[in-house]
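K.L.:
This one is work.cif, mmCIF, N, CA and C atoms.
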data_work
loop_
_atom_site.label_atom_id
_atom_site.label_comp_id
_atom_site.auth_asym_id
_atom_site.auth_seq_id
_atom_site.Cartn_x
_atom_site.Cartn_y
_atom_site.Cartn_z
N MET A 5 152.96 -112.39 95.75
CA MET A 5 152.33 -112.97 94.60
C MET A 5 151.01 -112.25 94.35
N THR A 6 150.77 -111.86 93.18
CA THR A 6 149.54 -111.15 92.84
C THR A 6 148.53 -112.16 92.28
N THR A 7 147.34 -112.07 92.81
CA THR A 7 146.27 -112.93 92.32
C THR A 7 145.24 -112.06 91.64
N VAL A 8 145.01 -112.31 90.37
CA VAL A 8 144.01 -111.56 89.63
C VAL A 8 143.03 -112.58 89.04
N ARG A 9 141.78 -112.41 89.31
CA ARG A 9 140.78 -113.31 88.74
C ARG A 9 139.45 -112.58 88.60
N THR A 10 138.70 -112.98 87.65
CA THR A 10 137.40 -112.37 87.41
C THR A 10 136.34 -113.13 88.17
N PHE A 11 135.50 -112.41 88.86
CA PHE A 11 134.41 -113.03 89.60
C PHE A 11 133.17 -113.03 88.74
N GLY A 12 132.59 -114.19 88.53
CA GLY A 12 131.35 -114.30 87.80
C GLY A 12 130.17 -114.41 88.75
N LEU A 13 130.47 -114.75 90.00
CA LEU A 13 129.43 -114.89 91.01
C LEU A 13 129.30 -113.61 91.81
N MET A 14 128.11 -113.36 92.28
CA MET A 14 127.90 -112.21 93.15
C MET A 14 128.47 -112.57 94.52
N MET A 15 129.21 -111.64 95.11
CA MET A 15 129.84 -111.91 96.39
C MET A 15 129.60 -110.72 97.31
N ALA A 16 129.05 -110.98 98.47
CA ALA A 16 128.79 -109.90 99.43
C ALA A 16 129.97 -109.80 100.37
N ILE A 17 130.46 -108.61 100.51
CA ILE A 17 131.58 -108.35 101.41
C ILE A 17 131.14 -107.26 102.37
N SER A 18 131.34 -107.49 103.61
CA SER A 18 130.92 -106.52 104.61
C SER A 18 132.08 -105.58 104.90
N ILE A 19 131.92 -104.32 104.56
CA ILE A 19 132.89 -103.28 104.86
C ILE A 19 132.18 -102.34 105.81
N SER A 20 132.62 -102.31 107.04
CA SER A 20 131.92 -101.62 108.10
C SER A 20 130.54 -102.25 108.20
N VAL A 21 129.51 -101.46 108.02
CA VAL A 21 128.16 -102.00 108.06
C VAL A 21 127.51 -101.95 106.69
N ILE A 22 128.26 -101.55 105.68
CA ILE A 22 127.71 -101.42 104.33
C ILE A 22 128.18 -102.59 103.49
N PRO A 23 127.28 -103.45 103.02
CA PRO A 23 127.70 -104.58 102.20
C PRO A 23 128.06 -104.12 100.79
N PHE A 24 129.03 -104.79 100.20
CA PHE A 24 129.41 -104.54 98.81
C PHE A 24 129.15 -105.82 98.04
N VAL A 25 128.49 -105.71 96.94
CA VAL A 25 128.22 -106.87 96.09
C VAL A 25 128.99 -106.68 94.79
N ALA A 26 129.91 -107.61 94.53
CA ALA A 26 130.71 -107.52 93.31
C ALA A 26 129.82 -107.74 92.09
N LYS A 27 130.03 -106.90 91.07
CA LYS A 27 129.30 -107.07 89.82
C LYS A 27 130.01 -108.12 88.97
N ALA A 28 129.31 -108.65 88.01
CA ALA A 28 129.85 -109.73 87.19
C ALA A 28 131.13 -109.33 86.46
N ASN A 29 131.29 -108.06 86.10
CA ASN A 29 132.48 -107.65 85.36
C ASN A 29 133.58 -107.09 86.27
N ASP A 30 133.40 -107.15 87.59
CA ASP A 30 134.45 -106.71 88.50
C ASP A 30 135.60 -107.70 88.51
N ILE A 31 136.80 -107.19 88.65
CA ILE A 31 138.01 -108.01 88.72
C ILE A 31 138.57 -107.89 90.12
N PHE A 32 139.02 -109.00 90.68
CA PHE A 32 139.57 -109.04 92.03
C PHE A 32 141.08 -109.10 91.94
N LEU A 33 141.75 -108.27 92.72
CA LEU A 33 143.21 -108.26 92.79
C LEU A 33 143.59 -108.28 94.26
N SER A 34 144.49 -109.15 94.65
CA SER A 34 145.01 -109.19 96.01
C SER A 34 146.52 -109.24 95.93
N ALA A 35 147.20 -108.31 96.62
CA ALA A 35 148.66 -108.25 96.53
C ALA A 35 149.22 -107.46 97.70
N ASN A 36 150.50 -107.64 97.92
CA ASN A 36 151.21 -106.82 98.90
C ASN A 36 151.51 -105.48 98.22
N PRO A 37 151.07 -104.37 98.80
CA PRO A 37 151.21 -103.07 98.14
C PRO A 37 152.57 -102.39 98.31
N SER A 38 153.59 -103.13 98.73
CA SER A 38 154.88 -102.50 99.00
C SER A 38 155.46 -101.77 97.79
N SER A 39 155.14 -102.21 96.57
CA SER A 39 155.68 -101.54 95.39
C SER A 39 154.66 -100.62 94.71
N TRP A 40 153.47 -100.49 95.28
CA TRP A 40 152.46 -99.60 94.69
C TRP A 40 152.86 -98.15 94.91
N ARG A 41 152.53 -97.33 93.97
CA ARG A 41 152.82 -95.90 94.07
C ARG A 41 151.49 -95.15 94.10
N LEU A 42 151.25 -94.45 95.20
CA LEU A 42 150.04 -93.63 95.32
C LEU A 42 150.35 -92.24 94.81
N GLN A 43 149.42 -91.70 94.04
CA GLN A 43 149.62 -90.36 93.52
C GLN A 43 148.31 -89.59 93.58
N ASN A 44 148.40 -88.37 94.05
CA ASN A 44 147.24 -87.48 94.12
C ASN A 44 147.42 -86.39 93.08
N TYR A 45 146.45 -86.29 92.19
CA TYR A 45 146.47 -85.25 91.17
C TYR A 45 145.49 -84.16 91.58
N ILE A 46 145.92 -82.94 91.55
CA ILE A 46 145.06 -81.81 91.91
C ILE A 46 144.03 -81.63 90.81
N PRO A 47 142.77 -81.55 91.10
CA PRO A 47 142.15 -81.15 92.35
C PRO A 47 141.75 -82.30 93.27
N GLY A 48 142.27 -83.50 93.12
CA GLY A 48 141.95 -84.53 94.09
C GLY A 48 141.72 -85.92 93.54
N THR A 49 142.22 -86.21 92.35
CA THR A 49 142.11 -87.56 91.80
C THR A 49 143.20 -88.42 92.42
N VAL A 50 142.83 -89.57 92.95
CA VAL A 50 143.79 -90.48 93.57
C VAL A 50 143.98 -91.68 92.65
N VAL A 51 145.26 -91.99 92.34
CA VAL A 51 145.59 -93.12 91.47
C VAL A 51 146.68 -93.94 92.15
N ALA A 52 146.55 -95.26 92.08
CA ALA A 52 147.59 -96.17 92.55
C ALA A 52 148.21 -96.81 91.31
N TRP A 53 149.52 -96.69 91.17
CA TRP A 53 150.23 -97.20 90.00
C TRP A 53 150.99 -98.48 90.34
N PHE A 54 151.31 -99.25 89.32
CA PHE A 54 152.15 -100.45 89.42
C PHE A 54 151.55 -101.49 90.36
N MET A 55 150.23 -101.68 90.26
CA MET A 55 149.53 -102.61 91.13
C MET A 55 149.48 -104.02 90.59
N GLY A 56 149.94 -104.24 89.38
CA GLY A 56 149.88 -105.57 88.81
C GLY A 56 148.61 -105.82 88.02
N SER A 57 147.81 -104.80 87.83
CA SER A 57 146.59 -104.95 87.03
C SER A 57 146.95 -104.84 85.56
N PRO A 58 146.09 -105.32 84.66
CA PRO A 58 146.36 -105.19 83.24
C PRO A 58 146.04 -103.79 82.69
N CYS A 59 145.71 -102.86 83.55
CA CYS A 59 145.40 -101.49 83.14
C CYS A 59 146.69 -100.76 82.79
N VAL A 60 146.59 -99.61 82.16
CA VAL A 60 147.76 -98.83 81.75
C VAL A 60 148.66 -98.58 82.97
N ASN A 61 149.91 -99.01 82.88
CA ASN A 61 150.90 -98.90 83.96
C ASN A 61 150.40 -99.52 85.26
N GLY A 62 149.50 -100.47 85.18
CA GLY A 62 148.97 -101.12 86.37
C GLY A 62 148.18 -100.19 87.25
N GLY A 63 147.71 -99.09 86.67
CA GLY A 63 147.04 -98.04 87.45
C GLY A 63 145.57 -98.28 87.70
N LEU A 64 145.14 -98.00 88.90
CA LEU A 64 143.73 -98.03 89.27
C LEU A 64 143.40 -96.72 89.96
N SER A 65 142.21 -96.20 89.71
CA SER A 65 141.84 -94.93 90.34
C SER A 65 140.49 -95.06 91.03
N LEU A 66 140.28 -94.20 91.99
CA LEU A 66 138.98 -94.12 92.64
C LEU A 66 138.01 -93.46 91.67
N PRO A 67 136.72 -93.69 91.83
CA PRO A 67 135.74 -93.04 90.94
C PRO A 67 135.85 -91.52 91.02
N ALA A 68 135.49 -90.87 89.94
CA ALA A 68 135.57 -89.40 89.88
C ALA A 68 134.71 -88.74 90.94
N ASN A 69 133.64 -89.40 91.35
CA ASN A 69 132.75 -88.81 92.35
C ASN A 69 133.11 -89.20 93.79
N SER A 70 134.30 -89.74 94.00
CA SER A 70 134.72 -90.10 95.37
C SER A 70 134.82 -88.87 96.23
N ASN A 71 134.37 -89.00 97.47
CA ASN A 71 134.49 -87.86 98.38
C ASN A 71 135.83 -87.91 99.12
N THR A 72 136.11 -86.89 99.88
CA THR A 72 137.38 -86.79 100.60
C THR A 72 137.58 -87.95 101.56
N ASP A 73 136.52 -88.39 102.22
CA ASP A 73 136.64 -89.52 103.14
C ASP A 73 137.07 -90.79 102.42
N ASP A 74 136.50 -91.05 101.23
CA ASP A 74 136.90 -92.22 100.45
C ASP A 74 138.38 -92.15 100.08
N LYS A 75 138.82 -91.00 99.65
CA LYS A 75 140.23 -90.82 99.26
C LYS A 75 141.15 -91.01 100.46
N ASN A 76 140.78 -90.43 101.59
CA ASN A 76 141.59 -90.58 102.80
C ASN A 76 141.64 -92.04 103.26
N ARG A 77 140.51 -92.74 103.17
CA ARG A 77 140.46 -94.14 103.55
C ARG A 77 141.35 -94.99 102.63
N SER A 78 141.37 -94.66 101.35
CA SER A 78 142.20 -95.44 100.43
C SER A 78 143.68 -95.25 100.77
N TYR A 79 144.10 -94.01 101.02
CA TYR A 79 145.49 -93.76 101.42
C TYR A 79 145.81 -94.50 102.71
N ALA A 80 144.91 -94.40 103.70
CA ALA A 80 145.15 -95.02 105.00
C ALA A 80 145.24 -96.54 104.89
N THR A 81 144.39 -97.13 104.06
CA THR A 81 144.39 -98.59 103.90
C THR A 81 145.67 -99.05 103.23
N VAL A 82 146.10 -98.37 102.19
CA VAL A 82 147.34 -98.74 101.52
C VAL A 82 148.53 -98.58 102.48
N MET A 83 148.57 -97.49 103.22
CA MET A 83 149.68 -97.27 104.16
C MET A 83 149.69 -98.32 105.27
N ALA A 84 148.50 -98.67 105.78
CA ALA A 84 148.41 -99.70 106.82
C ALA A 84 148.92 -101.04 106.29
N ALA A 85 148.56 -101.37 105.05
CA ALA A 85 149.02 -102.63 104.45
C ALA A 85 150.53 -102.61 104.24
N LYS A 86 151.05 -101.47 103.78
CA LYS A 86 152.51 -101.36 103.59
C LYS A 86 153.24 -101.52 104.91
N LEU A 87 152.80 -100.81 105.95
CA LEU A 87 153.48 -100.84 107.23
C LEU A 87 153.38 -102.19 107.94
N SER A 88 152.27 -102.89 107.73
CA SER A 88 152.08 -104.18 108.39
C SER A 88 152.49 -105.36 107.51
N ASN A 89 152.95 -105.06 106.29
CA ASN A 89 153.37 -106.08 105.33
C ASN A 89 152.25 -107.09 105.06
N ARG A 90 151.02 -106.58 104.95
CA ARG A 90 149.85 -107.42 104.68
C ARG A 90 149.36 -107.17 103.26
N ASN A 91 148.64 -108.13 102.74
CA ASN A 91 148.03 -107.97 101.42
C ASN A 91 146.80 -107.09 101.52
N MET A 92 146.53 -106.41 100.43
CA MET A 92 145.35 -105.58 100.29
C MET A 92 144.58 -106.11 99.09
N TYR A 93 143.26 -106.05 99.15
CA TYR A 93 142.47 -106.49 98.01
C TYR A 93 141.75 -105.30 97.39
N VAL A 94 141.49 -105.41 96.10
CA VAL A 94 140.80 -104.37 95.35
C VAL A 94 139.87 -105.04 94.36
N TYR A 95 138.66 -104.56 94.27
CA TYR A 95 137.75 -104.92 93.19
C TYR A 95 137.72 -103.72 92.25
N TYR A 96 137.90 -103.97 90.96
CA TYR A 96 137.88 -102.86 90.02
C TYR A 96 137.17 -103.26 88.74
N ASP A 97 136.74 -102.24 88.02
CA ASP A 97 136.01 -102.41 86.76
C ASP A 97 136.86 -101.86 85.64
N SER A 98 137.16 -102.70 84.65
CA SER A 98 137.92 -102.23 83.49
C SER A 98 137.07 -102.29 82.22
N ALA A 99 135.85 -102.80 82.35
CA ALA A 99 135.00 -102.98 81.17
C ALA A 99 134.17 -101.75 80.83
N THR A 100 133.76 -101.00 81.85
CA THR A 100 132.87 -99.86 81.62
C THR A 100 133.56 -98.78 80.79
N THR A 101 134.79 -98.44 81.15
CA THR A 101 135.58 -97.45 80.41
C THR A 101 136.94 -98.06 80.11
N PRO A 102 137.10 -98.75 78.98
CA PRO A 102 138.38 -99.41 78.68
C PRO A 102 139.57 -98.46 78.79
N GLY A 103 140.64 -98.96 79.42
CA GLY A 103 141.84 -98.15 79.62
C GLY A 103 141.79 -97.34 80.89
N ASN A 104 140.62 -97.21 81.50
CA ASN A 104 140.47 -96.46 82.74
C ASN A 104 139.88 -97.40 83.78
N CYS A 105 140.71 -97.97 84.62
CA CYS A 105 140.27 -98.96 85.60
C CYS A 105 139.87 -98.25 86.89
N VAL A 106 138.63 -98.47 87.31
CA VAL A 106 138.06 -97.76 88.45
C VAL A 106 137.82 -98.72 89.60
N ILE A 107 138.30 -98.33 90.78
CA ILE A 107 138.15 -99.13 92.00
C ILE A 107 136.70 -99.05 92.47
N ASN A 108 136.12 -100.22 92.77
CA ASN A 108 134.77 -100.28 93.33
C ASN A 108 134.78 -100.55 94.82
N SER A 109 135.82 -101.26 95.28
CA SER A 109 135.92 -101.63 96.69
C SER A 109 137.36 -101.99 97.01
N PHE A 110 137.75 -101.82 98.27
CA PHE A 110 139.11 -102.19 98.67
C PHE A 110 139.13 -102.50 100.16
N GLY A 111 140.17 -103.17 100.61
CA GLY A 111 140.31 -103.47 102.03
C GLY A 111 141.57 -104.27 102.29
N LEU A 112 141.80 -104.60 103.57
CA LEU A 112 142.95 -105.41 103.96
C LEU A 112 142.55 -106.87 103.99
N ASP A 113 143.43 -107.74 103.48
CA ASP A 113 143.20 -109.17 103.60
C ASP A 113 143.46 -109.56 105.05
N PRO A 114 142.78 -110.63 105.50
CA PRO A 114 142.99 -111.08 106.89
C PRO A 114 144.39 -111.58 107.13
#
As a first step, turn the structure in this file into structure tokens.
P.N.:
Amino acid sequence: MTTVRTFGLMMAISISVIPFVAKANDIFLSANPSSWRLQNYIPGTVVAWFMGSPCVNGGLSLPANSNTDDKNRSYATVMAAKLSNRNMYVYYDSATTPGNCVINSFGLDP
């Protein structure tokens, strides 16, 4: 079951030792990624398709300025969720650039 809801409250999430604070226009999505399709476009844009988001083809992408470690972590997190049959959560922004949904944060649900 996919849960999509808009957060109006600021929420601090601890990822490693770096806190993430959701912005008012961030959207939260939590789902089992078994049907998500990861795609890498050369020279290195990472997009996840069919995630259940209201974005074009349910696609969400990492920010254009993501470094290689961020891209590798996103692949690893999605694969870990798929293999363990666990839900993954994603915070994304669809308001800044309509039609282009950008991931701000992601992780495994407990």
K.L.:
Would you pick out the contacts of region 69-76 of chain A at 7 Å or less, using all atoms listed in the file, so that residues sharing its chain but fewer than 4 positions from it are not included, and give the list as an mmCIF file with N, CA and C atoms, in the frame of the given file?
P.N.:
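This is the output file selection-v7.cif:
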data_model
loop_
_atom_site.group_PDB
_atom_site.id
_atom_site.type_symbol
_atom_site.label_atom_id
_atom_site.label_comp_id
_atom_site.auth_asym_id
_atom_site.auth_seq_id
_atom_site.Cartn_x
_atom_site.Cartn_y
_atom_site.Cartn_z
ATOM 1 N N VAL A 50 142.830 -89.570 92.950
ATOM 2 C CA VAL A 50 143.790 -90.480 93.570
ATOM 3 C C VAL A 50 143.980 -91.680 92.650
ATOM 4 N N ALA A 80 144.910 -94.400 103.700
ATOM 5 C CA ALA A 80 145.150 -95.020 105.000
ATOM 6 C C ALA A 80 145.240 -96.540 104.890
ATOM 7 N N THR A 81 144.390 -97.130 104.060
ATOM 8 C CA THR A 81 144.390 -98.590 103.900
ATOM 9 C C THR A 81 145.670 -99.050 103.230
#
K.L.:
Which polymer residues, whether protein, DNA or RNA, lie within 5 Å of the coordinate (137.6, -97.8, 91.9) when you count only N, CA and C atoms? List them as a PyMOL selection string, using the chain letters and numbers from the file.
P.N.:
chain A and resi 65-67+106-108
K.L.:
Give me the result of the PyMOL selection byres ((chain A and resi 87-104) around 8) on this file, residue by residue, as a ChimeraX atom specification.
P.N.:
/A:26,29-38,58-60,63-65,81-86,105-114
K.L.:
Show me, as JSON, the centre and edge lengths in Å to one decimal of the axis-aligned box that covers every listed atom of region 41-58 of chain A with 3 Å on each side.
P.N.:
{"center_x": 147.3, "center_y": -93.5, "center_z": 89.0, "size_x": 17.1, "size_y": 30.7, "size_z": 18.6}
K.L.:
As an exercise, work out the distance from atom N of Met55 (chain A) to atom C of Ala68 (chain A) in Å and give it to one decimal place.
P.N.:
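Atom-to-atom, atom N of Met55 (chain A) and atom C of Ala68 (chain A) are spaced 20.2 Å apart.
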K.L.:
As an exercise, work out the distance from atom N of Asn61 (chain A) to CA of Gln43 (chain A) in Å and give it to one decimal place.
P.N.:
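CA of Gln43 (chain A) lies at a distance of 13.7 Å from atom N of Asn61 (chain A).
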K.L.:
What does the structure give for the distance between CA of Phe54 (chain A) and CA of Trp40 (chain A), in Å to one decimal?
P.N.:
5.3 Å
K.L.:
Report as an MDAnalysis selection string: the residues of region 48-94 of chain A with a DSSP assignment of helix (DSSP H, G or I), based on the backbone of this structure.
P.N.:
chainID A and resid 60:62 72:88
